[in-house]
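Novice: Quick one: this structure, given as structure tokens, is what I'll be asking you about.
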Amino acid sequence: MRVTVQEAPFDFGREAEDFASGHHDMGAVVTFTGIVRDLATGDLDAMEIEHYPGMTQKALEKIATEALERWSLGDVLVIHRYGRMTPGEKIMMVATAAPHRVDAFEAAEFLMDYLKSRAPFWKKEHGGQGTNWVAAKDEDEAALTRW
Amino acid sequence: MRVTVQEAPFDFGREAEDFASGHHDMGAVVTFTGIVRDLATGDLDAMEIEHYPGMTQKALEKIATEALERWSLGDVLVIHRYGRMTPGEKIMMVATAAPHRVDAFEAAEFLMDYLKSRAPFWKKEHGGQGTNWVAAKDEDEAALTRW
Amino acid sequence: MDVLYFAWVRERIGVPKERVETSAKTVADLVEELKSREERYEVAFSDLSALRVAVDQDLTDFDASIEGAREVAFFPPMTGG
Amino acid sequence: MDVLYFAWVRERIGVPKERVETSAKTVADLVEELKSREERYEVAFSDLSALRVAVDQDLTDFDASIEGAREVAFFPPMTGG
């Protein structure tokens, strides 16, 4: 298990390759990557991600540990950035390795659902219309009831 | 959409990176990679994958097209190998890009469920105990009823 | 028409592909005709629930028509991914 | 104890962190105490359903005890991932 919180960009391809390699007993690897998406108006200058430094690492480790306990997994990776990013930049990734695909998929979805609503990150959009704190969605909170 | 059937290994990290890059309107990318898993006895020498050359590409394109029609996706990638592979080698990958994570996850799971039971591939294990055609699992057939 | 066999069906029949002249109208008719020819067909086709069939490279079932078909393929349930 | 604010809560309060001397026993008591101090607190805490709280860096709710706590943080619902 590795959990990394950092401001710098990460190399998604390299991380995915390293994670998926060297396991001889895991048949399935799932990755999820979150990317800064431009606004419908096409004028997002930047996405700024604030976090709670003392809490973030612990909160992510707790979520990753729970995934390892609930599913039959060989490994879990979480990388999440903070700071200022432009459209197309990768914000974060999770990866799961499991003997079977159902565990790898479910654990990755669980990680994402919890990361969305239980990890202390807040997104602020900087665009042509000024700035805007991204509101949490009811559907993201509702997604947690699945687990 | 890209569907590739090949005997040669593919570069998972590079494919994942290329797929996830250059989209400014997709917030979510999911990848799945299937890896040759050693037997419980630890003596798998090779996995041999036979396919139906005339049908494979068409069957995979049909599955990928259906995913694009059923979910709000920006792109789909399917790479599947045939021939002889050793434990740890990557057999195949799918990737989905979507504005939202639920579409990316569901479409990737749909692709995998259909690929497992509806794409003309057959796996044969070569190990210390001789050779063995991998049997289809009832649960893989049952997984299709979800969609 | 061409009849193709894959995986253990291919191994039991002994060839990957053969040319078959038939007046069978459905896949099931073709199977009966092949079974009556030689024991290796009877063995390979003994349990149809363990087999899948494609006509002209589309998955179908044993009731399907093969009239005008160029290619019929028999194989076990697929194990891709 | 240290009281921390994040995102728009931080912007409304005007500081990311402050030292607060209090005898409040729960988060809700602390909120009431802060609201009575200045209008900016009253504005920031006007709708508690729009706020989340962590005590000593663990998510909790407004009924939670803060006795002995070193750090209480207020923020909007999180938007990670």
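For the structure tokens, the naming scheme is as follows: chains receive sequential letters (A, B, ...) according to their order of presentation, residues are indexed from 1 within each chain, and ligands are indexed from 1 in presentation order.
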May I ask you to extract the residues of chain A within 7 Å of chain B, using only C-alpha atoms, and to give them as a PDB file with N, CA, C and O atoms, in the first residue's frame?

Specialist:
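Contents of part.pdb, freshly written:
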```pdb
ATOM      1  N   PHE A  12       1.514   9.446 -14.555  1.00  0.00           N
ATOM      2  CA  PHE A  12       0.467   8.422 -14.507  1.00  0.00           C
ATOM      3  C   PHE A  12       0.905   7.120 -15.187  1.00  0.00           C
ATOM      4  O   PHE A  12       0.762   6.038 -14.629  1.00  0.00           O
ATOM      5  N   GLY A  13       1.448   7.231 -16.401  1.00  0.00           N
ATOM      6  CA  GLY A  13       1.842   6.034 -17.138  1.00  0.00           C
ATOM      7  C   GLY A  13       2.869   5.216 -16.371  1.00  0.00           C
ATOM      8  O   GLY A  13       2.755   3.993 -16.259  1.00  0.00           O
ATOM      9  N   ARG A  14       3.858   5.907 -15.820  1.00  0.00           N
ATOM     10  CA  ARG A  14       4.905   5.210 -15.065  1.00  0.00           C
ATOM     11  C   ARG A  14       4.332   4.565 -13.807  1.00  0.00           C
ATOM     12  O   ARG A  14       4.644   3.423 -13.482  1.00  0.00           O
ATOM     13  N   ALA A  16       1.239   3.654 -13.242  1.00  0.00           N
ATOM     14  CA  ALA A  16       0.359   2.545 -13.626  1.00  0.00           C
ATOM     15  C   ALA A  16       1.194   1.327 -14.009  1.00  0.00           C
ATOM     16  O   ALA A  16       0.911   0.192 -13.599  1.00  0.00           O
ATOM     17  N   GLU A  17       2.235   1.547 -14.791  1.00  0.00           N
ATOM     18  CA  GLU A  17       3.103   0.451 -15.232  1.00  0.00           C
ATOM     19  C   GLU A  17       3.801  -0.202 -14.034  1.00  0.00           C
ATOM     20  O   GLU A  17       3.814  -1.429 -13.904  1.00  0.00           O
ATOM     21  N   SER A  21       3.152  -4.137 -12.664  1.00  0.00           N
ATOM     22  CA  SER A  21       4.241  -5.057 -12.984  1.00  0.00           C
ATOM     23  C   SER A  21       4.767  -5.737 -11.731  1.00  0.00           C
ATOM     24  O   SER A  21       4.674  -5.207 -10.633  1.00  0.00           O
ATOM     25  N   GLY A  22       5.306  -6.902 -11.931  1.00  0.00           N
ATOM     26  CA  GLY A  22       5.981  -7.573 -10.821  1.00  0.00           C
ATOM     27  C   GLY A  22       5.068  -8.365  -9.917  1.00  0.00           C
ATOM     28  O   GLY A  22       5.518  -8.946  -8.946  1.00  0.00           O
ATOM     29  N   HIS A  23       3.753  -8.376 -10.197  1.00  0.00           N
ATOM     30  CA  HIS A  23       2.872  -9.272  -9.454  1.00  0.00           C
ATOM     31  C   HIS A  23       2.674 -10.540 -10.280  1.00  0.00           C
ATOM     32  O   HIS A  23       2.232 -10.466 -11.416  1.00  0.00           O
ATOM     33  N   HIS A  24       2.943 -11.700  -9.710  1.00  0.00           N
ATOM     34  CA  HIS A  24       2.691 -12.949 -10.436  1.00  0.00           C
ATOM     35  C   HIS A  24       1.438 -13.651  -9.919  1.00  0.00           C
ATOM     36  O   HIS A  24       1.035 -14.673 -10.427  1.00  0.00           O
ATOM     37  N   ASP A  25       0.846 -13.065  -8.869  1.00  0.00           N
ATOM     38  CA  ASP A  25      -0.315 -13.721  -8.273  1.00  0.00           C
ATOM     39  C   ASP A  25      -1.571 -12.848  -8.339  1.00  0.00           C
ATOM     40  O   ASP A  25      -2.589 -13.172  -7.742  1.00  0.00           O
ATOM     41  N   MET A  26      -1.474 -11.727  -9.054  1.00  0.00           N
ATOM     42  CA  MET A  26      -2.620 -10.824  -9.204  1.00  0.00           C
ATOM     43  C   MET A  26      -3.038 -10.839 -10.675  1.00  0.00           C
ATOM     44  O   MET A  26      -2.241 -10.500 -11.538  1.00  0.00           O
ATOM     45  N   GLY A  27      -4.273 -11.222 -10.955  1.00  0.00           N
ATOM     46  CA  GLY A  27      -4.724 -11.298 -12.336  1.00  0.00           C
ATOM     47  C   GLY A  27      -5.346 -10.024 -12.861  1.00  0.00           C
ATOM     48  O   GLY A  27      -5.570  -9.876 -14.054  1.00  0.00           O
ATOM     49  N   ALA A  28      -5.643  -9.084 -11.951  1.00  0.00           N
ATOM     50  CA  ALA A  28      -6.440  -7.918 -12.344  1.00  0.00           C
ATOM     51  C   ALA A  28      -5.894  -6.641 -11.713  1.00  0.00           C
ATOM     52  O   ALA A  28      -5.674  -6.583 -10.505  1.00  0.00           O
ATOM     53  N   VAL A  29      -5.680  -5.634 -12.541  1.00  0.00           N
ATOM     54  CA  VAL A  29      -5.288  -4.310 -12.044  1.00  0.00           C
ATOM     55  C   VAL A  29      -6.252  -3.277 -12.608  1.00  0.00           C
ATOM     56  O   VAL A  29      -6.482  -3.233 -13.818  1.00  0.00           O
ATOM     57  N   VAL A  30      -6.830  -2.464 -11.713  1.00  0.00           N
ATOM     58  CA  VAL A  30      -7.714  -1.373 -12.137  1.00  0.00           C
ATOM     59  C   VAL A  30      -7.077  -0.057 -11.716  1.00  0.00           C
ATOM     60  O   VAL A  30      -6.540   0.058 -10.612  1.00  0.00           O
ATOM     61  N   THR A  31      -7.117   0.927 -12.609  1.00  0.00           N
ATOM     62  CA  THR A  31      -6.680   2.274 -12.234  1.00  0.00           C
ATOM     63  C   THR A  31      -7.804   3.258 -12.509  1.00  0.00           C
ATOM     64  O   THR A  31      -8.627   3.056 -13.410  1.00  0.00           O
ATOM     65  N   PHE A  32      -7.849   4.301 -11.695  1.00  0.00           N
ATOM     66  CA  PHE A  32      -8.735   5.431 -11.961  1.00  0.00           C
ATOM     67  C   PHE A  32      -7.882   6.688 -11.910  1.00  0.00           C
ATOM     68  O   PHE A  32      -7.051   6.833 -11.016  1.00  0.00           O
ATOM     69  N   THR A  33      -8.092   7.579 -12.856  1.00  0.00           N
ATOM     70  CA  THR A  33      -7.393   8.863 -12.861  1.00  0.00           C
ATOM     71  C   THR A  33      -8.404   9.983 -12.971  1.00  0.00           C
ATOM     72  O   THR A  33      -9.278   9.944 -13.835  1.00  0.00           O
ATOM     73  N   GLY A  34      -8.288  10.963 -12.100  1.00  0.00           N
ATOM     74  CA  GLY A  34      -9.132  12.147 -12.170  1.00  0.00           C
ATOM     75  C   GLY A  34      -8.378  13.270 -12.847  1.00  0.00           C
ATOM     76  O   GLY A  34      -7.209  13.524 -12.540  1.00  0.00           O
ATOM     77  N   ILE A  35      -9.038  13.912 -13.801  1.00  0.00           N
ATOM     78  CA  ILE A  35      -8.388  14.914 -14.644  1.00  0.00           C
ATOM     79  C   ILE A  35      -9.154  16.234 -14.537  1.00  0.00           C
ATOM     80  O   ILE A  35     -10.385  16.229 -14.465  1.00  0.00           O
ATOM     81  N   VAL A  36      -8.438  17.358 -14.505  1.00  0.00           N
ATOM     82  CA  VAL A  36      -9.117  18.659 -14.478  1.00  0.00           C
ATOM     83  C   VAL A  36      -9.898  18.822 -15.771  1.00  0.00           C
ATOM     84  O   VAL A  36      -9.324  18.772 -16.861  1.00  0.00           O
ATOM     85  N   ARG A  37     -11.189  19.007 -15.634  1.00  0.00           N
ATOM     86  CA  ARG A  37     -12.066  19.102 -16.793  1.00  0.00           C
ATOM     87  C   ARG A  37     -12.430  20.560 -17.012  1.00  0.00           C
ATOM     88  O   ARG A  37     -12.770  21.271 -16.070  1.00  0.00           O
ATOM     89  N   ASP A  38     -12.348  21.001 -18.239  1.00  0.00           N
ATOM     90  CA  ASP A  38     -12.695  22.388 -18.540  1.00  0.00           C
ATOM     91  C   ASP A  38     -14.184  22.619 -18.266  1.00  0.00           C
ATOM     92  O   ASP A  38     -14.976  21.676 -18.241  1.00  0.00           O
ATOM     93  N   PRO A  87      -6.624  22.748 -17.011  1.00  0.00           N
ATOM     94  CA  PRO A  87      -7.424  21.688 -17.652  1.00  0.00           C
ATOM     95  C   PRO A  87      -6.542  20.655 -18.361  1.00  0.00           C
ATOM     96  O   PRO A  87      -5.580  21.022 -19.040  1.00  0.00           O
ATOM     97  N   GLY A  88      -6.873  19.392 -18.191  1.00  0.00           N
ATOM     98  CA  GLY A  88      -6.087  18.309 -18.776  1.00  0.00           C
ATOM     99  C   GLY A  88      -5.081  17.722 -17.795  1.00  0.00           C
ATOM    100  O   GLY A  88      -4.620  16.603 -17.987  1.00  0.00           O
TER     101      GLY A  88
END
```

Novice: Please identify all polymer residues within 7 Å of segment 56-70 of chain D, counting only C-alpha atoms, omitting same-chain residues fewer than 4 positions from it, and present them as a list in words.

Specialist: Gly54 and Met55 of chain A; Met1, Asp2, Lys25, Thr26, Val27 and Ala28 of chain D

Novice: Please produce a file of those selected residues containing all heavy atoms, as a PDB file, in the first residue's frame.

Specialist:
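selection11.pdb, written as the output of this step:
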```pdb
ATOM      1  N   GLY A  54      -2.561  18.347   7.940  1.00  0.00           N
ATOM      2  CA  GLY A  54      -2.407  17.393   9.040  1.00  0.00           C
ATOM      3  C   GLY A  54      -3.287  16.167   8.916  1.00  0.00           C
ATOM      4  O   GLY A  54      -2.989  15.094   9.445  1.00  0.00           O
ATOM      5  N   MET A  55      -4.381  16.307   8.202  1.00  0.00           N
ATOM      6  CA  MET A  55      -5.380  15.245   8.166  1.00  0.00           C
ATOM      7  C   MET A  55      -5.360  14.399   6.888  1.00  0.00           C
ATOM      8  O   MET A  55      -5.756  13.240   6.892  1.00  0.00           O
ATOM      9  CB  MET A  55      -6.769  15.892   8.312  1.00  0.00           C
ATOM     10  CG  MET A  55      -7.931  14.909   8.307  1.00  0.00           C
ATOM     11  SD  MET A  55      -9.510  15.787   8.615  1.00  0.00           S
ATOM     12  CE  MET A  55     -10.683  14.518   8.110  1.00  0.00           C
TER      13      MET A  55
ATOM     14  N   MET D   1      -7.337  25.927  22.394  1.00  0.00           N
ATOM     15  CA  MET D   1      -7.159  24.984  21.283  1.00  0.00           C
ATOM     16  C   MET D   1      -7.032  25.755  19.962  1.00  0.00           C
ATOM     17  O   MET D   1      -7.358  26.926  19.886  1.00  0.00           O
ATOM     18  CB  MET D   1      -8.362  24.041  21.200  1.00  0.00           C
ATOM     19  CG  MET D   1      -9.620  24.665  20.628  1.00  0.00           C
ATOM     20  SD  MET D   1     -11.028  23.554  20.704  1.00  0.00           S
ATOM     21  CE  MET D   1     -11.199  23.355  22.478  1.00  0.00           C
ATOM     22  N   ASP D   2      -6.526  25.050  18.924  1.00  0.00           N
ATOM     23  CA  ASP D   2      -6.454  25.664  17.598  1.00  0.00           C
ATOM     24  C   ASP D   2      -7.763  25.412  16.861  1.00  0.00           C
ATOM     25  O   ASP D   2      -8.271  24.298  16.872  1.00  0.00           O
ATOM     26  CB  ASP D   2      -5.307  25.046  16.789  1.00  0.00           C
ATOM     27  CG  ASP D   2      -3.944  25.481  17.320  1.00  0.00           C
ATOM     28  OD1 ASP D   2      -3.832  26.625  17.807  1.00  0.00           O
ATOM     29  OD2 ASP D   2      -3.001  24.680  17.268  1.00  0.00           O
ATOM     30  N   LYS D  25     -17.977  22.493  25.730  1.00  0.00           N
ATOM     31  CA  LYS D  25     -17.786  21.054  25.901  1.00  0.00           C
ATOM     32  C   LYS D  25     -17.991  20.271  24.600  1.00  0.00           C
ATOM     33  O   LYS D  25     -17.509  19.155  24.462  1.00  0.00           O
ATOM     34  CB  LYS D  25     -18.756  20.534  26.973  1.00  0.00           C
ATOM     35  CG  LYS D  25     -18.453  21.100  28.368  1.00  0.00           C
ATOM     36  CD  LYS D  25     -19.058  20.227  29.454  1.00  0.00           C
ATOM     37  CE  LYS D  25     -18.748  20.712  30.868  1.00  0.00           C
ATOM     38  NZ  LYS D  25     -17.571  21.602  31.008  1.00  0.00           N
ATOM     39  N   THR D  26     -18.770  20.845  23.683  1.00  0.00           N
ATOM     40  CA  THR D  26     -19.021  20.159  22.411  1.00  0.00           C
ATOM     41  C   THR D  26     -18.737  21.108  21.257  1.00  0.00           C
ATOM     42  O   THR D  26     -18.604  22.331  21.443  1.00  0.00           O
ATOM     43  CB  THR D  26     -20.496  19.708  22.281  1.00  0.00           C
ATOM     44  OG1 THR D  26     -21.324  20.886  22.188  1.00  0.00           O
ATOM     45  CG2 THR D  26     -20.936  18.873  23.486  1.00  0.00           C
ATOM     46  N   VAL D  27     -18.675  20.549  20.073  1.00  0.00           N
ATOM     47  CA  VAL D  27     -18.486  21.365  18.873  1.00  0.00           C
ATOM     48  C   VAL D  27     -19.617  22.387  18.773  1.00  0.00           C
ATOM     49  O   VAL D  27     -19.377  23.575  18.508  1.00  0.00           O
ATOM     50  CB  VAL D  27     -18.449  20.483  17.605  1.00  0.00           C
ATOM     51  CG1 VAL D  27     -18.381  21.356  16.362  1.00  0.00           C
ATOM     52  CG2 VAL D  27     -17.273  19.513  17.652  1.00  0.00           C
ATOM     53  N   ALA D  28     -20.850  21.939  19.028  1.00  0.00           N
ATOM     54  CA  ALA D  28     -22.003  22.835  18.915  1.00  0.00           C
ATOM     55  C   ALA D  28     -21.877  24.014  19.892  1.00  0.00           C
ATOM     56  O   ALA D  28     -22.181  25.164  19.538  1.00  0.00           O
ATOM     57  CB  ALA D  28     -23.299  22.061  19.170  1.00  0.00           C
TER      58      ALA D  28
END
```

Novice: Would you return as number ranges by chain the members of segment 6-78 of chain C that DSSP assigns to alpha helix (DSSP H) on this structure's backbone?

Specialist: C: 7-13, 27-35, 39-44

Novice: The coordinates of chain C, once least-squares superposed on chain D over all sequentially paired C-alpha atoms, should be supplied as a compact mmCIF listing (two decimals) with N, CA and C atoms, in the first residue's frame.

Specialist:
```txt
# COMPACT_ATOMS: atom_id res chain seq x y z
N MET C 1 -7.33 25.94 22.38
CA MET C 1 -7.14 24.98 21.27
C MET C 1 -7.01 25.75 19.96
N ASP C 2 -6.51 25.05 18.94
CA ASP C 2 -6.44 25.67 17.61
C ASP C 2 -7.75 25.42 16.88
N VAL C 3 -8.29 26.46 16.25
CA VAL C 3 -9.47 26.29 15.41
C VAL C 3 -9.05 26.62 13.98
N LEU C 4 -9.32 25.67 13.06
CA LEU C 4 -8.90 25.83 11.66
C LEU C 4 -10.12 25.97 10.76
N TYR C 5 -9.94 26.71 9.67
CA TYR C 5 -11.02 26.90 8.70
C TYR C 5 -10.46 26.63 7.31
N PHE C 6 -11.30 25.96 6.48
CA PHE C 6 -10.85 25.67 5.11
C PHE C 6 -11.89 26.13 4.09
N ALA C 7 -11.40 26.33 2.86
CA ALA C 7 -12.23 26.68 1.70
C ALA C 7 -13.05 27.94 2.00
N TRP C 8 -14.35 27.95 1.64
CA TRP C 8 -15.08 29.22 1.81
C TRP C 8 -15.31 29.57 3.27
N VAL C 9 -15.21 28.63 4.18
CA VAL C 9 -15.31 28.95 5.60
C VAL C 9 -14.11 29.81 6.00
N ARG C 10 -12.95 29.40 5.53
CA ARG C 10 -11.74 30.18 5.77
C ARG C 10 -11.88 31.61 5.21
N GLU C 11 -12.42 31.69 3.99
CA GLU C 11 -12.57 33.00 3.36
C GLU C 11 -13.56 33.89 4.13
N ARG C 12 -14.64 33.29 4.65
CA ARG C 12 -15.63 34.10 5.38
C ARG C 12 -15.14 34.53 6.76
N ILE C 13 -14.41 33.61 7.42
CA ILE C 13 -13.87 33.97 8.74
C ILE C 13 -12.70 34.93 8.59
N GLY C 14 -11.94 34.76 7.51
CA GLY C 14 -10.85 35.71 7.25
C GLY C 14 -9.48 35.24 7.69
N VAL C 15 -9.42 34.12 8.42
CA VAL C 15 -8.12 33.55 8.83
C VAL C 15 -8.17 32.03 8.66
N PRO C 16 -7.01 31.41 8.38
CA PRO C 16 -6.99 29.95 8.24
C PRO C 16 -6.97 29.24 9.60
N LYS C 17 -6.55 29.95 10.62
CA LYS C 17 -6.31 29.29 11.90
C LYS C 17 -6.27 30.34 12.99
N GLU C 18 -6.80 30.00 14.15
CA GLU C 18 -6.67 30.91 15.28
C GLU C 18 -6.68 30.11 16.58
N ARG C 19 -6.15 30.75 17.59
CA ARG C 19 -6.08 30.15 18.93
C ARG C 19 -7.35 30.59 19.66
N VAL C 20 -8.10 29.64 20.20
CA VAL C 20 -9.34 29.99 20.90
C VAL C 20 -9.31 29.42 22.33
N GLU C 21 -9.53 30.29 23.30
CA GLU C 21 -9.66 29.81 24.68
C GLU C 21 -11.15 29.64 24.94
N THR C 22 -11.56 28.45 25.32
CA THR C 22 -12.99 28.20 25.48
C THR C 22 -13.22 27.15 26.56
N SER C 23 -14.40 27.23 27.14
CA SER C 23 -14.79 26.17 28.08
C SER C 23 -15.91 25.33 27.47
N ALA C 24 -16.16 25.52 26.17
CA ALA C 24 -17.21 24.76 25.47
C ALA C 24 -16.92 23.27 25.57
N LYS C 25 -18.00 22.50 25.72
CA LYS C 25 -17.80 21.06 25.91
C LYS C 25 -17.99 20.27 24.62
N THR C 26 -18.79 20.85 23.68
CA THR C 26 -19.02 20.16 22.42
C THR C 26 -18.74 21.11 21.26
N VAL C 27 -18.68 20.55 20.07
CA VAL C 27 -18.49 21.36 18.87
C VAL C 27 -19.61 22.39 18.76
N ALA C 28 -20.85 21.94 19.01
CA ALA C 28 -22.00 22.85 18.91
C ALA C 28 -21.87 24.04 19.87
N ASP C 29 -21.40 23.75 21.11
CA ASP C 29 -21.18 24.83 22.08
C ASP C 29 -20.14 25.82 21.56
N LEU C 30 -19.07 25.29 20.99
CA LEU C 30 -18.01 26.15 20.46
C LEU C 30 -18.56 27.03 19.35
N VAL C 31 -19.38 26.44 18.47
CA VAL C 31 -19.98 27.21 17.37
C VAL C 31 -20.82 28.36 17.92
N GLU C 32 -21.65 28.08 18.95
CA GLU C 32 -22.49 29.13 19.54
C GLU C 32 -21.63 30.24 20.12
N GLU C 33 -20.56 29.84 20.76
CA GLU C 33 -19.66 30.82 21.38
C GLU C 33 -19.03 31.72 20.32
N LEU C 34 -18.57 31.10 19.21
CA LEU C 34 -17.94 31.88 18.14
C LEU C 34 -18.96 32.82 17.49
N LYS C 35 -20.18 32.29 17.25
CA LYS C 35 -21.22 33.10 16.60
C LYS C 35 -21.55 34.36 17.41
N SER C 36 -21.46 34.21 18.73
CA SER C 36 -21.82 35.36 19.59
C SER C 36 -20.72 36.42 19.59
N ARG C 37 -19.55 36.04 19.07
CA ARG C 37 -18.42 37.00 19.12
C ARG C 37 -18.51 38.10 18.07
N GLU C 38 -18.64 37.66 16.81
CA GLU C 38 -18.58 38.64 15.72
C GLU C 38 -19.48 38.17 14.59
N GLU C 39 -19.90 39.12 13.76
CA GLU C 39 -20.83 38.80 12.69
C GLU C 39 -20.24 37.83 11.69
N ARG C 40 -18.93 37.94 11.40
CA ARG C 40 -18.34 37.04 10.39
C ARG C 40 -18.50 35.57 10.80
N TYR C 41 -18.49 35.28 12.08
CA TYR C 41 -18.71 33.91 12.54
C TYR C 41 -20.18 33.53 12.35
N GLU C 42 -21.05 34.49 12.66
CA GLU C 42 -22.48 34.23 12.52
C GLU C 42 -22.82 33.91 11.06
N VAL C 43 -22.17 34.65 10.14
CA VAL C 43 -22.39 34.40 8.71
C VAL C 43 -21.84 33.02 8.33
N ALA C 44 -20.63 32.75 8.73
CA ALA C 44 -19.98 31.49 8.32
C ALA C 44 -20.71 30.28 8.89
N PHE C 45 -21.25 30.39 10.09
CA PHE C 45 -21.88 29.25 10.76
C PHE C 45 -23.41 29.29 10.67
N SER C 46 -23.95 30.10 9.75
CA SER C 46 -25.41 30.28 9.71
C SER C 46 -26.14 29.00 9.33
N ASP C 47 -25.54 28.14 8.51
CA ASP C 47 -26.20 26.89 8.11
C ASP C 47 -25.27 25.70 8.38
N LEU C 48 -25.45 25.10 9.54
CA LEU C 48 -24.52 24.01 9.93
C LEU C 48 -24.63 22.80 9.01
N SER C 49 -25.80 22.64 8.33
CA SER C 49 -25.94 21.49 7.44
C SER C 49 -24.98 21.61 6.25
N ALA C 50 -24.46 22.82 6.00
CA ALA C 50 -23.52 23.03 4.90
C ALA C 50 -22.07 22.91 5.37
N LEU C 51 -21.90 22.52 6.64
CA LEU C 51 -20.55 22.47 7.21
C LEU C 51 -20.20 21.06 7.70
N ARG C 52 -18.92 20.80 7.73
CA ARG C 52 -18.41 19.56 8.31
C ARG C 52 -17.38 19.94 9.36
N VAL C 53 -17.12 19.02 10.29
CA VAL C 53 -16.17 19.33 11.35
C VAL C 53 -15.26 18.14 11.63
N ALA C 54 -14.01 18.45 11.94
CA ALA C 54 -13.07 17.42 12.38
C ALA C 54 -12.50 17.83 13.72
N VAL C 55 -12.45 16.89 14.66
CA VAL C 55 -11.81 17.14 15.95
C VAL C 55 -10.53 16.30 16.00
N ASP C 56 -9.42 16.99 16.24
CA ASP C 56 -8.12 16.32 16.22
C ASP C 56 -7.94 15.49 14.95
N GLN C 57 -8.38 16.08 13.82
CA GLN C 57 -8.15 15.53 12.49
C GLN C 57 -8.95 14.27 12.16
N ASP C 58 -9.98 14.03 12.94
CA ASP C 58 -10.92 12.96 12.60
C ASP C 58 -12.29 13.58 12.33
N LEU C 59 -12.91 13.19 11.24
CA LEU C 59 -14.26 13.68 10.95
C LEU C 59 -15.21 13.26 12.06
N THR C 60 -16.09 14.18 12.45
CA THR C 60 -17.05 13.84 13.49
C THR C 60 -18.31 14.70 13.26
N ASP C 61 -19.17 14.82 14.28
CA ASP C 61 -20.35 15.66 14.08
C ASP C 61 -20.42 16.75 15.15
N PHE C 62 -21.43 17.59 15.07
CA PHE C 62 -21.48 18.77 15.94
C PHE C 62 -21.80 18.44 17.40
N ASP C 63 -22.25 17.23 17.66
CA ASP C 63 -22.49 16.81 19.04
C ASP C 63 -21.22 16.34 19.74
N ALA C 64 -20.16 16.18 18.97
CA ALA C 64 -18.94 15.58 19.52
C ALA C 64 -18.33 16.43 20.62
N SER C 65 -17.73 15.75 21.57
CA SER C 65 -17.03 16.43 22.66
C SER C 65 -15.74 17.04 22.14
N ILE C 66 -15.38 18.22 22.70
CA ILE C 66 -14.07 18.79 22.36
C ILE C 66 -13.22 18.94 23.61
N GLU C 67 -13.65 18.29 24.67
CA GLU C 67 -12.85 18.38 25.90
C GLU C 67 -11.51 17.70 25.70
N GLY C 68 -10.45 18.43 25.94
CA GLY C 68 -9.10 17.90 25.76
C GLY C 68 -8.61 17.95 24.33
N ALA C 69 -9.46 18.41 23.40
CA ALA C 69 -9.05 18.45 21.99
C ALA C 69 -7.98 19.51 21.77
N ARG C 70 -7.06 19.21 20.86
CA ARG C 70 -6.02 20.19 20.53
C ARG C 70 -6.41 21.01 19.31
N GLU C 71 -7.28 20.41 18.43
CA GLU C 71 -7.51 21.05 17.13
C GLU C 71 -8.92 20.76 16.64
N VAL C 72 -9.67 21.82 16.33
CA VAL C 72 -11.01 21.66 15.76
C VAL C 72 -11.00 22.37 14.41
N ALA C 73 -11.51 21.68 13.35
CA ALA C 73 -11.49 22.29 12.02
C ALA C 73 -12.90 22.31 11.43
N PHE C 74 -13.23 23.45 10.81
CA PHE C 74 -14.53 23.60 10.15
C PHE C 74 -14.31 23.79 8.65
N PHE C 75 -15.16 23.14 7.86
CA PHE C 75 -15.00 23.26 6.40
C PHE C 75 -16.28 22.81 5.70
N PRO C 76 -16.42 23.15 4.41
CA PRO C 76 -17.59 22.67 3.66
C PRO C 76 -17.43 21.18 3.33
N PRO C 77 -18.52 20.55 2.84
CA PRO C 77 -18.41 19.16 2.39
C PRO C 77 -17.22 19.03 1.42
N MET C 78 -16.50 17.93 1.54
CA MET C 78 -15.26 17.76 0.79
C MET C 78 -15.54 17.43 -0.68
N THR C 79 -14.60 17.82 -1.52
CA THR C 79 -14.74 17.57 -2.95
C THR C 79 -13.40 17.06 -3.51
N GLY C 80 -13.00 15.89 -3.01
CA GLY C 80 -11.75 15.29 -3.49
C GLY C 80 -11.96 14.51 -4.77
N GLY C 81 -10.91 13.80 -5.15
CA GLY C 81 -11.00 12.90 -6.30
C GLY C 81 -10.85 13.62 -7.62
```

Novice: At a cut-off of 6 Å, which residues of chain B touch chain C? Count only C-alpha atoms and give the answer as a list of chain:residue names.

Specialist: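 That gives the following set of residues: B:Met55, B:Leu115, B:Lys116, B:Ser117, B:Pro120, B:Phe121, B:Trp122, B:Ala136.
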
Novice: Write out as a PyMOL selection string which residues come within 7 Å of segment 63-72 of chain B when counting only C-alpha atoms, dropping same-chain ones fewer than 4 positions away.

Specialist: chain B and resi 59+76+98+103+107+111+114

Novice: Would you export the selected residues with C-alpha atoms as an mmCIF file, in the first residue's frame, please?

Specialist:
```cif
data_model
loop_
_atom_site.group_PDB
_atom_site.id
_atom_site.type_symbol
_atom_site.label_atom_id
_atom_site.label_comp_id
_atom_site.auth_asym_id
_atom_site.auth_seq_id
_atom_site.Cartn_x
_atom_site.Cartn_y
_atom_site.Cartn_z
ATOM 1 C CA ALA B 59 -16.580 -9.068 -31.798
ATOM 2 C CA VAL B 76 -12.713 3.545 -25.443
ATOM 3 C CA ALA B 98 -15.820 9.881 -19.465
ATOM 4 C CA ASP B 103 -19.764 6.132 -16.529
ATOM 5 C CA ALA B 107 -18.394 0.980 -19.036
ATOM 6 C CA LEU B 111 -16.412 -4.251 -21.448
ATOM 7 C CA TYR B 114 -18.534 -9.082 -22.269
#
```

Novice: Excluding Gly83 of chain B and its own-chain neighbours fewer than 6 positions away, which residues fall within 9 Å of it when counting only C-alpha atoms? Please give them as a VMD selection string.

Specialist: chain B and resid 6 to 8 47 to 51

Novice: Please identify which residues in chain D DSSP calls strand (DSSP E or B) from the backbone, and express them as an MDAnalysis selection string.

Specialist: chainID D and resid 2:5 17:19 26 52:55 58:60 65 71:75
